[in-house]
$ cat run.txt   # compact mmCIF, C-alpha atoms
# COMPACT_ATOMS: atom_id res chain seq x y z
CA MET A 19 134.45 98.70 97.28
CA VAL A 20 130.86 99.78 96.71
CA ILE A 21 128.94 101.46 99.53
CA GLY A 22 126.42 98.63 99.75
CA ILE A 23 123.74 100.64 101.59
CA ARG A 24 120.31 101.03 100.01
CA PRO A 25 118.89 104.54 100.58
CA THR A 26 115.37 103.03 100.44
CA ASN A 27 116.08 100.99 103.59
CA ASP A 28 113.97 102.82 106.19
CA PHE A 29 116.89 103.19 108.60
CA ALA A 30 119.15 104.65 105.91
CA PHE A 31 116.36 106.88 104.61
CA LYS A 32 115.45 108.24 108.05
CA LYS A 33 119.07 108.95 108.97
CA THR A 34 119.77 110.58 105.59
CA PHE A 35 116.73 112.84 105.40
CA GLY A 36 115.65 112.98 109.04
CA SER A 37 118.88 114.15 110.69
CA PRO A 38 119.06 117.86 111.63
CA GLU A 39 122.50 118.24 110.04
CA ASN A 40 121.06 116.95 106.74
CA THR A 41 118.20 119.39 106.21
CA ILE A 42 119.89 120.58 103.01
CA SER A 43 119.29 117.10 101.56
CA LEU A 44 115.66 117.03 102.68
CA ILE A 45 115.07 120.49 101.19
CA GLY A 46 116.62 119.36 97.91
CA LEU A 47 114.41 116.28 97.75
CA LEU A 48 111.24 118.22 98.64
CA ASN A 49 111.90 120.92 96.04
CA ALA A 50 112.59 118.29 93.38
CA ILE A 51 109.32 116.44 94.10
CA LEU A 52 107.01 119.40 94.68
CA GLN A 53 108.58 121.99 92.36
CA PRO A 54 106.90 124.81 94.31
CA ALA A 55 106.48 128.27 92.79
CA VAL A 56 108.56 129.59 95.68
CA PRO A 57 111.32 127.07 96.56
CA ILE A 58 111.61 125.81 100.10
CA HIS A 59 114.65 127.38 101.78
CA ASP A 60 114.47 126.07 105.33
CA VAL A 61 112.80 123.25 107.25
CA ARG A 62 112.48 122.23 110.87
CA LEU A 63 112.35 118.50 111.59
CA GLU A 64 109.42 117.53 113.81
CA ASN A 65 110.54 113.93 114.41
CA PRO A 66 114.34 113.89 113.92
CA TYR A 67 116.30 110.68 113.52
CA ASN A 68 116.72 108.80 116.78
CA PRO A 69 118.65 105.49 116.84
CA GLN A 70 116.35 104.21 119.61
CA ASP A 71 113.54 104.06 117.06
CA PHE A 72 115.34 101.10 115.48
CA GLN A 73 116.72 99.28 118.49
CA ASP A 74 113.55 97.26 119.17
CA ASP A 75 113.49 96.04 115.55
CA LYS A 76 109.81 96.92 115.22
CA LEU A 77 108.15 97.11 111.83
CA SER A 78 106.57 100.52 112.37
CA ILE A 79 106.48 103.09 109.58
CA LEU A 80 109.34 105.54 110.01
CA ASP A 81 108.46 108.76 108.27
CA VAL A 82 110.23 112.11 108.09
CA LYS A 83 108.07 115.01 109.25
CA ALA A 84 109.11 118.64 108.77
CA THR A 85 107.75 122.20 108.70
CA ASP A 86 109.08 124.85 106.33
CA GLU A 87 109.62 128.57 106.92
CA SER A 88 106.04 129.39 105.91
CA GLY A 89 104.51 126.83 108.27
CA ALA A 90 103.60 124.19 105.67
CA ILE A 91 103.84 120.64 106.99
CA TYR A 92 105.51 117.80 105.08
CA ASP A 93 105.47 114.07 105.77
CA ILE A 94 107.57 111.79 103.58
CA GLU A 95 107.93 108.05 103.89
CA ILE A 96 109.33 105.00 102.13
CA GLN A 97 107.00 102.07 101.45
CA LEU A 98 108.71 98.85 100.37
CA SER A 99 105.44 97.00 99.74
CA ILE A 100 101.92 98.06 98.79
CA LYS A 101 99.45 97.18 101.51
CA LEU A 102 95.68 97.18 101.47
CA GLY A 103 94.30 100.55 102.48
CA LEU A 104 97.49 102.44 101.66
CA ILE A 105 95.73 105.35 99.96
CA GLN A 106 93.16 105.62 102.75
CA ARG A 107 95.94 105.63 105.34
CA LEU A 108 97.85 108.39 103.54
CA VAL A 109 94.72 110.54 103.31
CA PHE A 110 93.73 109.76 106.90
CA TYR A 111 97.16 110.70 108.21
CA GLY A 112 97.17 113.89 106.15
CA CYS A 113 93.79 114.87 107.59
CA GLU A 114 95.09 114.15 111.09
CA LEU A 115 98.08 116.44 110.56
CA TYR A 116 95.82 119.13 109.14
CA ALA A 117 93.30 118.98 112.01
CA ASP A 118 95.92 118.64 114.74
CA GLN A 119 97.19 122.13 114.00
CA LEU A 120 94.21 123.74 115.76
CA ARG A 121 93.62 124.03 119.46
CA ALA A 122 90.43 125.14 121.21
CA GLY A 123 89.62 128.70 120.23
CA ASP A 124 92.05 128.84 117.30
CA ASP A 125 91.08 130.53 114.03
CA TYR A 126 90.71 128.23 111.00
CA THR A 127 92.73 130.71 108.95
CA ARG A 128 95.78 129.62 110.91
CA LEU A 129 95.71 126.19 109.26
CA GLN A 130 98.78 125.56 107.11
CA PRO A 131 99.05 123.26 104.06
CA VAL A 132 99.85 119.60 104.64
CA VAL A 133 101.78 117.60 102.02
CA ILE A 134 102.01 113.81 102.23
CA ILE A 135 104.68 112.11 100.09
CA ALA A 136 104.94 108.33 99.67
CA LEU A 137 107.93 106.83 97.85
CA LEU A 138 106.80 103.37 96.73
CA SER A 139 109.10 100.53 95.75
CA GLU A 140 106.18 98.63 94.21
CA ASP A 141 103.75 99.83 91.54
CA LEU A 142 100.48 101.15 92.90
CA TRP A 143 98.92 101.56 89.45
CA PRO A 144 100.85 99.17 87.18
CA GLU A 145 98.57 99.93 84.22
CA LEU A 146 99.82 103.54 84.12
CA LYS A 147 103.25 104.69 82.93
CA GLN A 148 103.11 107.84 85.07
CA LEU A 149 105.33 107.45 88.13
CA HIS A 150 104.47 110.65 90.03
CA HIS A 151 100.86 111.34 91.04
CA ARG A 152 99.72 114.47 92.88
CA PHE A 153 96.26 114.45 94.44
CA VAL A 154 94.59 117.65 95.63
CA LEU A 155 91.07 118.75 96.58
CA THR A 156 89.57 119.78 93.23
CA ASP A 157 86.07 120.37 91.92
CA TRP A 158 85.38 118.00 89.02
CA GLU A 159 83.29 120.43 87.00
CA SER A 160 85.07 123.76 87.36
CA GLY A 161 88.57 122.46 88.01
CA ARG A 162 88.83 124.85 90.96
CA THR A 163 91.30 123.57 93.56
CA LEU A 164 91.25 124.21 97.29
CA ALA A 165 94.83 125.42 97.34
CA ASP A 166 97.07 125.34 100.40
CA THR A 167 95.08 122.62 102.15
CA LEU A 168 95.92 118.93 101.66
CA SER A 169 97.85 117.18 98.91
CA VAL A 170 99.10 113.61 98.54
CA HIS A 171 102.02 112.63 96.31
CA THR A 172 102.89 109.07 95.32
CA LEU A 173 106.06 108.16 93.44
CA GLU A 174 106.42 104.62 92.09
CA LEU A 175 110.17 104.03 92.01
CA GLY A 176 109.88 100.84 89.98
CA LYS A 177 108.73 102.85 86.95
CA TYR A 178 111.95 104.87 86.88
CA ASN A 179 114.43 103.42 84.39
CA LEU A 180 116.99 106.12 83.60
CA THR A 181 120.63 105.11 83.36
CA GLU A 182 123.71 107.01 84.52
CA ALA A 183 124.39 108.08 80.94
CA MET A 184 121.01 109.85 80.83
CA LEU A 185 121.55 111.98 83.96
CA GLY A 186 123.02 114.84 81.97
CA THR A 187 119.61 115.79 80.59
CA ALA A 188 117.53 114.56 83.55
CA SER A 189 115.47 116.69 85.93
CA ARG A 190 116.34 117.18 89.60
CA LEU A 191 113.58 114.76 90.53
CA GLU A 192 115.04 112.15 88.21
CA TRP A 193 118.45 112.74 89.79
CA TRP A 194 117.05 112.10 93.25
CA LEU A 195 115.17 108.99 92.11
CA TYR A 196 118.32 107.64 90.51
CA TRP A 197 120.24 108.37 93.72
CA LEU A 198 117.62 106.61 95.85
CA LEU A 199 117.68 103.53 93.63
CA HIS A 200 121.38 103.24 92.82
CA ALA A 201 123.58 105.20 95.27
CA GLY A 202 124.51 102.06 97.19
CA GLU A 203 125.92 100.45 94.04
CA TYR A 204 128.76 102.99 93.72
CA GLU A 205 132.15 103.36 95.32
CA PRO A 206 132.24 106.44 97.60
CA GLU A 207 134.51 108.53 95.38
CA HIS A 208 132.49 107.79 92.26
CA LEU A 209 129.18 108.66 93.95
CA LEU A 210 130.49 111.97 95.31
CA ALA A 211 131.87 112.89 91.89
CA LEU A 212 128.64 111.92 90.10
CA PHE A 213 126.48 114.06 92.43
CA PRO A 214 128.67 117.01 93.48
CA GLU A 215 125.87 119.40 94.56
CA ASP A 216 125.71 120.08 98.30
CA ALA A 217 122.31 118.46 98.87
CA PHE A 218 123.41 115.23 97.17
CA ARG A 219 126.88 115.36 98.67
CA GLN A 220 125.54 115.53 102.23
CA ALA A 221 123.15 112.64 101.55
CA SER A 222 125.95 110.58 99.99
CA LYS A 223 128.27 111.24 102.92
CA THR A 224 125.59 110.01 105.31
CA LEU A 225 125.15 106.82 103.28
CA ILE A 226 128.92 106.27 103.23
CA GLY A 227 129.05 106.89 106.98
CA ILE A 228 126.45 104.18 107.62
CA SER A 229 128.58 101.67 105.74
CA GLN A 230 131.65 102.59 107.80
CA THR A 231 130.13 102.87 111.28
CA THR A 232 129.71 99.58 113.12
CA GLU A 233 126.61 100.58 115.10
CA ASP A 234 124.88 102.09 112.08
CA LYS A 235 125.74 99.11 109.87
CA THR A 236 124.38 96.76 112.53
CA MET A 237 121.08 98.68 112.64
CA TYR A 238 120.94 98.77 108.85
CA ASP A 239 121.46 95.01 108.63
CA ALA A 240 118.79 94.43 111.29
CA ARG A 241 116.32 96.51 109.30
CA GLU A 242 117.19 94.62 106.12
CA LYS A 243 116.40 91.36 107.91
CA ALA A 244 113.18 92.79 109.34
CA ILE A 245 112.12 93.96 105.88
CA ARG A 246 112.82 90.53 104.38
CA ASP A 247 110.94 88.80 107.20
CA GLN A 248 107.99 91.15 106.80
CA GLN A 249 107.79 90.62 103.05
CA TRP A 250 108.06 86.86 103.55
CA ALA A 251 105.29 86.92 106.18
CA ILE A 252 102.97 88.91 103.94
CA HIS A 253 103.66 86.63 100.98
CA ALA A 254 103.17 83.51 103.10
CA ALA A 255 99.96 84.86 104.58
CA ARG A 256 98.55 85.60 101.14
CA THR A 257 99.46 82.21 99.71
CA GLU A 258 98.16 80.32 102.75
CA GLY A 259 94.86 82.15 102.81
CA LEU A 260 95.46 84.12 105.99
CA ILE A 261 94.59 87.28 104.09
CA GLU A 262 91.74 87.35 101.61
CA GLY A 263 91.89 90.87 100.23
CA GLU A 264 89.43 92.50 97.97
CA ILE A 265 90.67 95.58 96.18
CA LYS A 266 88.16 97.84 94.52
CA GLY A 267 89.89 100.71 92.80
CA LYS A 268 89.23 103.60 90.47
CA THR A 269 91.79 105.46 88.37
CA GLU A 270 91.66 108.41 90.71
CA GLY A 271 93.44 106.24 93.21
CA LEU A 272 90.75 105.31 95.72
CA ILE A 273 91.16 101.75 96.89
CA GLU A 274 88.64 100.13 99.14
CA GLY A 275 89.73 96.98 100.78
CA LYS A 276 89.37 94.85 103.82
CA ILE A 277 91.27 92.04 105.43
CA GLU A 278 89.32 88.92 106.25
CA GLY A 279 91.54 86.53 108.07
CA LYS A 280 91.07 82.82 107.95
CA ILE A 281 92.46 81.54 111.25
CA GLU A 282 94.23 78.22 110.93
CA GLY A 283 94.24 77.55 114.67
CA LYS A 284 98.01 77.41 114.94
CA ILE A 285 100.00 79.76 117.13
CA GLU A 286 102.46 80.56 114.35
CA GLY A 287 99.64 81.55 112.04
CA GLU A 288 98.03 83.75 114.69
CA ILE A 289 101.32 85.58 115.30
CA LYS A 290 101.78 86.28 111.59
CA THR A 291 98.21 87.56 111.28
CA ILE A 292 98.49 89.86 114.31
CA ARG A 293 101.74 91.45 113.09
CA ILE A 294 100.30 92.07 109.61
CA LEU A 295 97.11 93.63 110.99
CA GLN A 296 99.11 95.85 113.33
CA GLU A 297 101.20 97.00 110.34
CA VAL A 298 98.09 97.87 108.29
CA LEU A 299 96.60 99.79 111.25
CA ARG A 300 99.86 101.72 111.73
CA LEU A 301 100.18 100.36 115.28
CA PRO A 302 103.43 99.34 116.99
CA VAL A 303 104.15 95.85 115.69
CA SER A 304 104.69 93.27 118.42
CA SER A 305 107.79 91.09 118.23
CA GLU A 306 107.42 87.37 117.63
CA GLY A 307 109.03 86.76 121.02
CA GLU A 308 106.47 88.93 122.79
CA LEU A 309 103.52 87.24 121.07
CA GLY A 310 105.05 83.80 121.57
CA THR A 311 104.53 84.09 125.33
CA LYS A 312 100.74 84.34 124.92
CA SER A 313 98.34 81.41 124.88
CA LEU A 314 96.47 80.49 121.71
CA GLU A 315 93.24 81.79 123.26
CA ASP A 316 94.81 85.17 124.02
CA LEU A 317 96.23 85.40 120.49
CA GLN A 318 92.81 84.66 118.96
CA LYS A 319 91.22 87.33 121.17
CA LEU A 320 93.84 89.90 120.06
CA THR A 321 93.27 88.97 116.40
CA ALA A 322 89.53 89.54 116.81
CA GLU A 323 90.10 92.97 118.37
CA LEU A 324 92.38 94.02 115.49
CA ARG A 325 89.84 92.81 112.94
CA VAL A 326 87.19 95.04 114.48
CA LYS A 327 89.52 98.02 114.11
CA ILE A 328 90.21 97.09 110.46
CA HIS A 329 86.45 96.85 109.78
CA ASN A 330 85.76 100.19 111.41
CA ARG A 331 88.56 101.95 109.55
CA TYR A 332 88.00 100.31 106.16
CA PRO A 333 84.29 99.42 106.03
CA THR A 334 83.06 97.42 103.05
$ encode --input "run.txt" --output "structure tokens"
Amino acid sequence: MVIGIRPTNDFAFKKTFGSPENTISLIGLLNAILQPAVPIHDVRLENPYNPQDFQDDKLSILDVKATDESGAIYDIEIQLSIKLGLIQRLVFYGCELYADQLRAGDDYTRLQPVVIIALLSEDLWPELKQLHHRFVLTDWESGRTLADTLSVHTLELGKYNLTEAMLGTASRLEWWLYWLLHAGEYEPEHLLALFPEDAFRQASKTLIGISQTTEDKTMYDAREKAIRDQQWAIHAARTEGLIEGEIKGKTEGLIEGKIEGKIEGKIEGEIKTIRILQEVLRLPVSSEGELGTKSLEDLQKLTAELRVKIHNRYPT
């Protein structure tokens, strides 16, 4: 029987790469993506996997944050849908991590590099064949880069199309991308034999464990339902006119957008709008049950407050 667990499910991803006993897998993935001149040998998880993060079934973004032996900071996350303002959010969060290193009186030379990595299930730039983009602070004229500061990596998983037969000549990054996309389709013995290296083996064992542990499987299934509901809500909101997005992009990846909601006056519509806006703002997403206890007037007031925050963060 196949494992049946998608590594790109945020619960499965966080448990696989965010558990302290699995740092070997996280190191393997980071080295494959970044290909640093000096490989990463050790990491310390800053927000390790905690099952309580999933018990409330909230739609918050569950990233994996770690620091390596040199002090560099890494944040890696799975994004199952492309939302307006994604690039701005990644840059904003990277700047937050960079600035938060200093305390009053600290020397700026103590600042360590920050690396943001977003694994995307949807295409961010469908017109380009390139699946891995690395953005750094670089002078356009001289090409000089401000090294060891901030970098943002995006990997569009949908552009990866290697087959199992092609793994023999594939890179380590391609191995990991194949594993992320297809590991759940294999029987346990076949997957362990296909990826025998320790980093892959530990990740595969974690995935197999999720499929065989009742509590983990229950959380995984709950996240799968939440993901489907979220994608349905976003699709419904777009088709019904609840979100009128305007995307202005350049090839360098800067996307300027805003959300202008058209309120239909129905409680169900208000709840959908509030949850989507909270997701875009990276706020804790309220449950439908919690919002359902509020009056229509209170829901409309909350929607207005969230819209102000969207406007301030993503001005037109």
$ atom_distance --input "run.txt" --atom1 "CA of Glu182 (chain A)" --atom2 "CA of Leu198 (chain A)"
12.9 Å
$ atom_distance --input "run.txt" --atom1 "CA of Asp234 (chain A)" --atom2 "CA of Ala211 (chain A)"
23.9 Å
$ closest_residue --input "run.txt" --among "A:Leu52, A:Ile289, A:Ile100, A:Ile226" --to "Ser139 (chain A)" --atoms "all atoms listed in the file"
A:Ile100
$ residues_around --input "run.txt" --residues "Thr224 (chain A)" --least-positions-apart "5" --cutoff "9 Å" --atoms "only C-alpha atoms" --output "VMD selection string"
chain A and resid 30 33 to 34 40 219 229
$ write_last_selection --input "run.txt" --atoms "C-alpha atoms" --output "PDB file, in the coordinates of the input"
ATOM      1  CA  ALA A  30     119.150 104.650 105.910  1.00  0.00           C
ATOM      2  CA  LYS A  33     119.070 108.950 108.970  1.00  0.00           C
ATOM      3  CA  THR A  34     119.770 110.580 105.590  1.00  0.00           C
ATOM      4  CA  ASN A  40     121.060 116.950 106.740  1.00  0.00           C
ATOM      5  CA  ARG A 219     126.880 115.360  98.670  1.00  0.00           C
ATOM      6  CA  SER A 229     128.580 101.670 105.740  1.00  0.00           C
TER       7      SER A 229
END
$ atom_distance --input "run.txt" --atom1 "CA of Gly161 (chain A)" --atom2 "CA of Pro54 (chain A)"
19.5 Å
$ residues_near_point --input "run.txt" --point "(106.2, 105.0, 109.1)" --cutoff "10 Å" --atoms "only C-alpha atoms" --output "JSON, numbers by chain"
{"A": [28, 32, 77, 78, 79, 80, 81, 82, 93, 94, 95, 96, 97, 297, 300, 301]}
$ closest_residue --input "run.txt" --among "A:His151, A:Arg162, A:Arg325, A:Arg331" --to "Ile292 (chain A)" --atoms "all atoms listed in the file"
A:Arg325
$ closest_residue --input "run.txt" --among "A:Ile285, A:Leu299, A:Ile328, A:Ala240" --to "Lys312 (chain A)" --atoms "only C-alpha atoms"
A:Ile285
$ residues_near_point --input "run.txt" --point "(117.2, 111.2, 111.7)" --cutoff "7 Å" --atoms "only C-alpha atoms" --output "PDB file with C-alpha atoms, keeping the file's coordinate frame"
ATOM      1  CA  LYS A  32     115.450 108.240 108.050  1.00  0.00           C
ATOM      2  CA  LYS A  33     119.070 108.950 108.970  1.00  0.00           C
ATOM      3  CA  THR A  34     119.770 110.580 105.590  1.00  0.00           C
ATOM      4  CA  PHE A  35     116.730 112.840 105.400  1.00  0.00           C
ATOM      5  CA  GLY A  36     115.650 112.980 109.040  1.00  0.00           C
ATOM      6  CA  SER A  37     118.880 114.150 110.690  1.00  0.00           C
ATOM      7  CA  PRO A  38     119.060 117.860 111.630  1.00  0.00           C
ATOM      8  CA  PRO A  66     114.340 113.890 113.920  1.00  0.00           C
ATOM      9  CA  TYR A  67     116.300 110.680 113.520  1.00  0.00           C
ATOM     10  CA  ASN A  68     116.720 108.800 116.780  1.00  0.00           C
TER      11      ASN A  68
END
$ build_atoms --input "run.txt" --residues "region 133-165 of chain A" --atoms "N, CA and C atoms" --output "tab-separated table (two decimals), in the coordinates of the input"
chain	number	residue	atom	x	y	z
A	133	VAL	N	101.36	118.34	103.22
A	133	VAL	CA	101.78	117.60	102.02
A	133	VAL	C	102.27	116.22	102.45
A	134	ILE	N	101.62	115.19	101.95
A	134	ILE	CA	102.01	113.81	102.23
A	134	ILE	C	102.72	113.24	101.00
A	135	ILE	N	103.89	112.67	101.19
A	135	ILE	CA	104.68	112.11	100.09
A	135	ILE	C	105.01	110.65	100.41
A	136	ALA	N	104.63	109.75	99.50
A	136	ALA	CA	104.94	108.33	99.67
A	136	ALA	C	105.81	107.87	98.51
A	137	LEU	N	107.03	107.42	98.84
A	137	LEU	CA	107.93	106.83	97.85
A	137	LEU	C	107.71	105.33	97.88
A	138	LEU	N	107.25	104.76	96.77
A	138	LEU	CA	106.80	103.37	96.73
A	138	LEU	C	107.76	102.51	95.90
A	139	SER	N	108.22	101.43	96.49
A	139	SER	CA	109.10	100.53	95.75
A	139	SER	C	108.32	99.64	94.80
A	140	GLU	N	107.03	99.42	95.08
A	140	GLU	CA	106.18	98.63	94.21
A	140	GLU	C	105.22	99.54	93.45
A	141	ASP	N	104.70	99.04	92.33
A	141	ASP	CA	103.75	99.83	91.54
A	141	ASP	C	102.38	99.83	92.21
A	142	LEU	N	101.83	101.01	92.35
A	142	LEU	CA	100.48	101.15	92.90
A	142	LEU	C	99.45	101.04	91.79
A	143	TRP	N	99.77	101.64	90.64
A	143	TRP	CA	98.92	101.56	89.45
A	143	TRP	C	99.75	101.05	88.29
A	144	PRO	N	99.96	99.74	88.20
A	144	PRO	CA	100.85	99.17	87.18
A	144	PRO	C	100.38	99.43	85.75
A	145	GLU	N	99.08	99.70	85.57
A	145	GLU	CA	98.57	99.93	84.22
A	145	GLU	C	98.93	101.31	83.67
A	146	LEU	N	99.46	102.19	84.53
A	146	LEU	CA	99.82	103.54	84.12
A	146	LEU	C	101.33	103.70	84.05
A	147	LYS	N	101.82	104.43	83.06
A	147	LYS	CA	103.25	104.69	82.93
A	147	LYS	C	103.71	105.81	83.86
A	148	GLN	N	102.79	106.69	84.21
A	148	GLN	CA	103.11	107.84	85.07
A	148	GLN	C	103.62	107.36	86.42
A	149	LEU	N	104.76	107.90	86.86
A	149	LEU	CA	105.33	107.45	88.13
A	149	LEU	C	105.03	108.39	89.29
A	150	HIS	N	104.73	109.66	88.99
A	150	HIS	CA	104.47	110.65	90.03
A	150	HIS	C	103.02	111.13	89.93
A	151	HIS	N	102.24	110.88	90.98
A	151	HIS	CA	100.86	111.34	91.04
A	151	HIS	C	100.73	112.36	92.16
A	152	ARG	N	99.99	113.43	91.89
A	152	ARG	CA	99.72	114.47	92.88
A	152	ARG	C	98.21	114.63	93.01
A	153	PHE	N	97.69	114.37	94.20
A	153	PHE	CA	96.26	114.45	94.44
A	153	PHE	C	95.96	115.66	95.32
A	154	VAL	N	95.00	116.46	94.88
A	154	VAL	CA	94.59	117.65	95.63
A	154	VAL	C	93.07	117.69	95.67
A	155	LEU	N	92.52	118.58	96.49
A	155	LEU	CA	91.07	118.75	96.58
A	155	LEU	C	90.62	119.66	95.43
A	156	THR	N	89.94	119.05	94.44
A	156	THR	CA	89.57	119.78	93.23
A	156	THR	C	88.13	119.50	92.84
A	157	ASP	N	87.43	120.52	92.42
A	157	ASP	CA	86.07	120.37	91.92
A	157	ASP	C	86.10	119.78	90.52
A	158	TRP	N	85.35	118.70	90.30
A	158	TRP	CA	85.38	118.00	89.02
A	158	TRP	C	84.91	118.87	87.87
A	159	GLU	N	83.89	119.69	88.10
A	159	GLU	CA	83.29	120.43	87.00
A	159	GLU	C	84.09	121.69	86.64
A	160	SER	N	84.39	122.49	87.64
A	160	SER	CA	85.07	123.76	87.36
A	160	SER	C	86.58	123.64	87.31
A	161	GLY	N	87.11	122.59	87.93
A	161	GLY	CA	88.57	122.46	88.01
A	161	GLY	C	89.17	123.31	89.11
A	162	ARG	N	88.32	124.00	89.87
A	162	ARG	CA	88.83	124.85	90.96
A	162	ARG	C	89.41	123.97	92.07
A	163	THR	N	90.60	124.33	92.53
A	163	THR	CA	91.30	123.57	93.56
A	163	THR	C	91.32	124.34	94.87
A	164	LEU	N	91.12	123.61	95.96
A	164	LEU	CA	91.25	124.21	97.29
A	164	LEU	C	92.74	124.24	97.63
A	165	ALA	N	93.37	125.31	97.20
A	165	ALA	CA	94.83	125.42	97.34
A	165	ALA	C	95.24	125.56	98.80
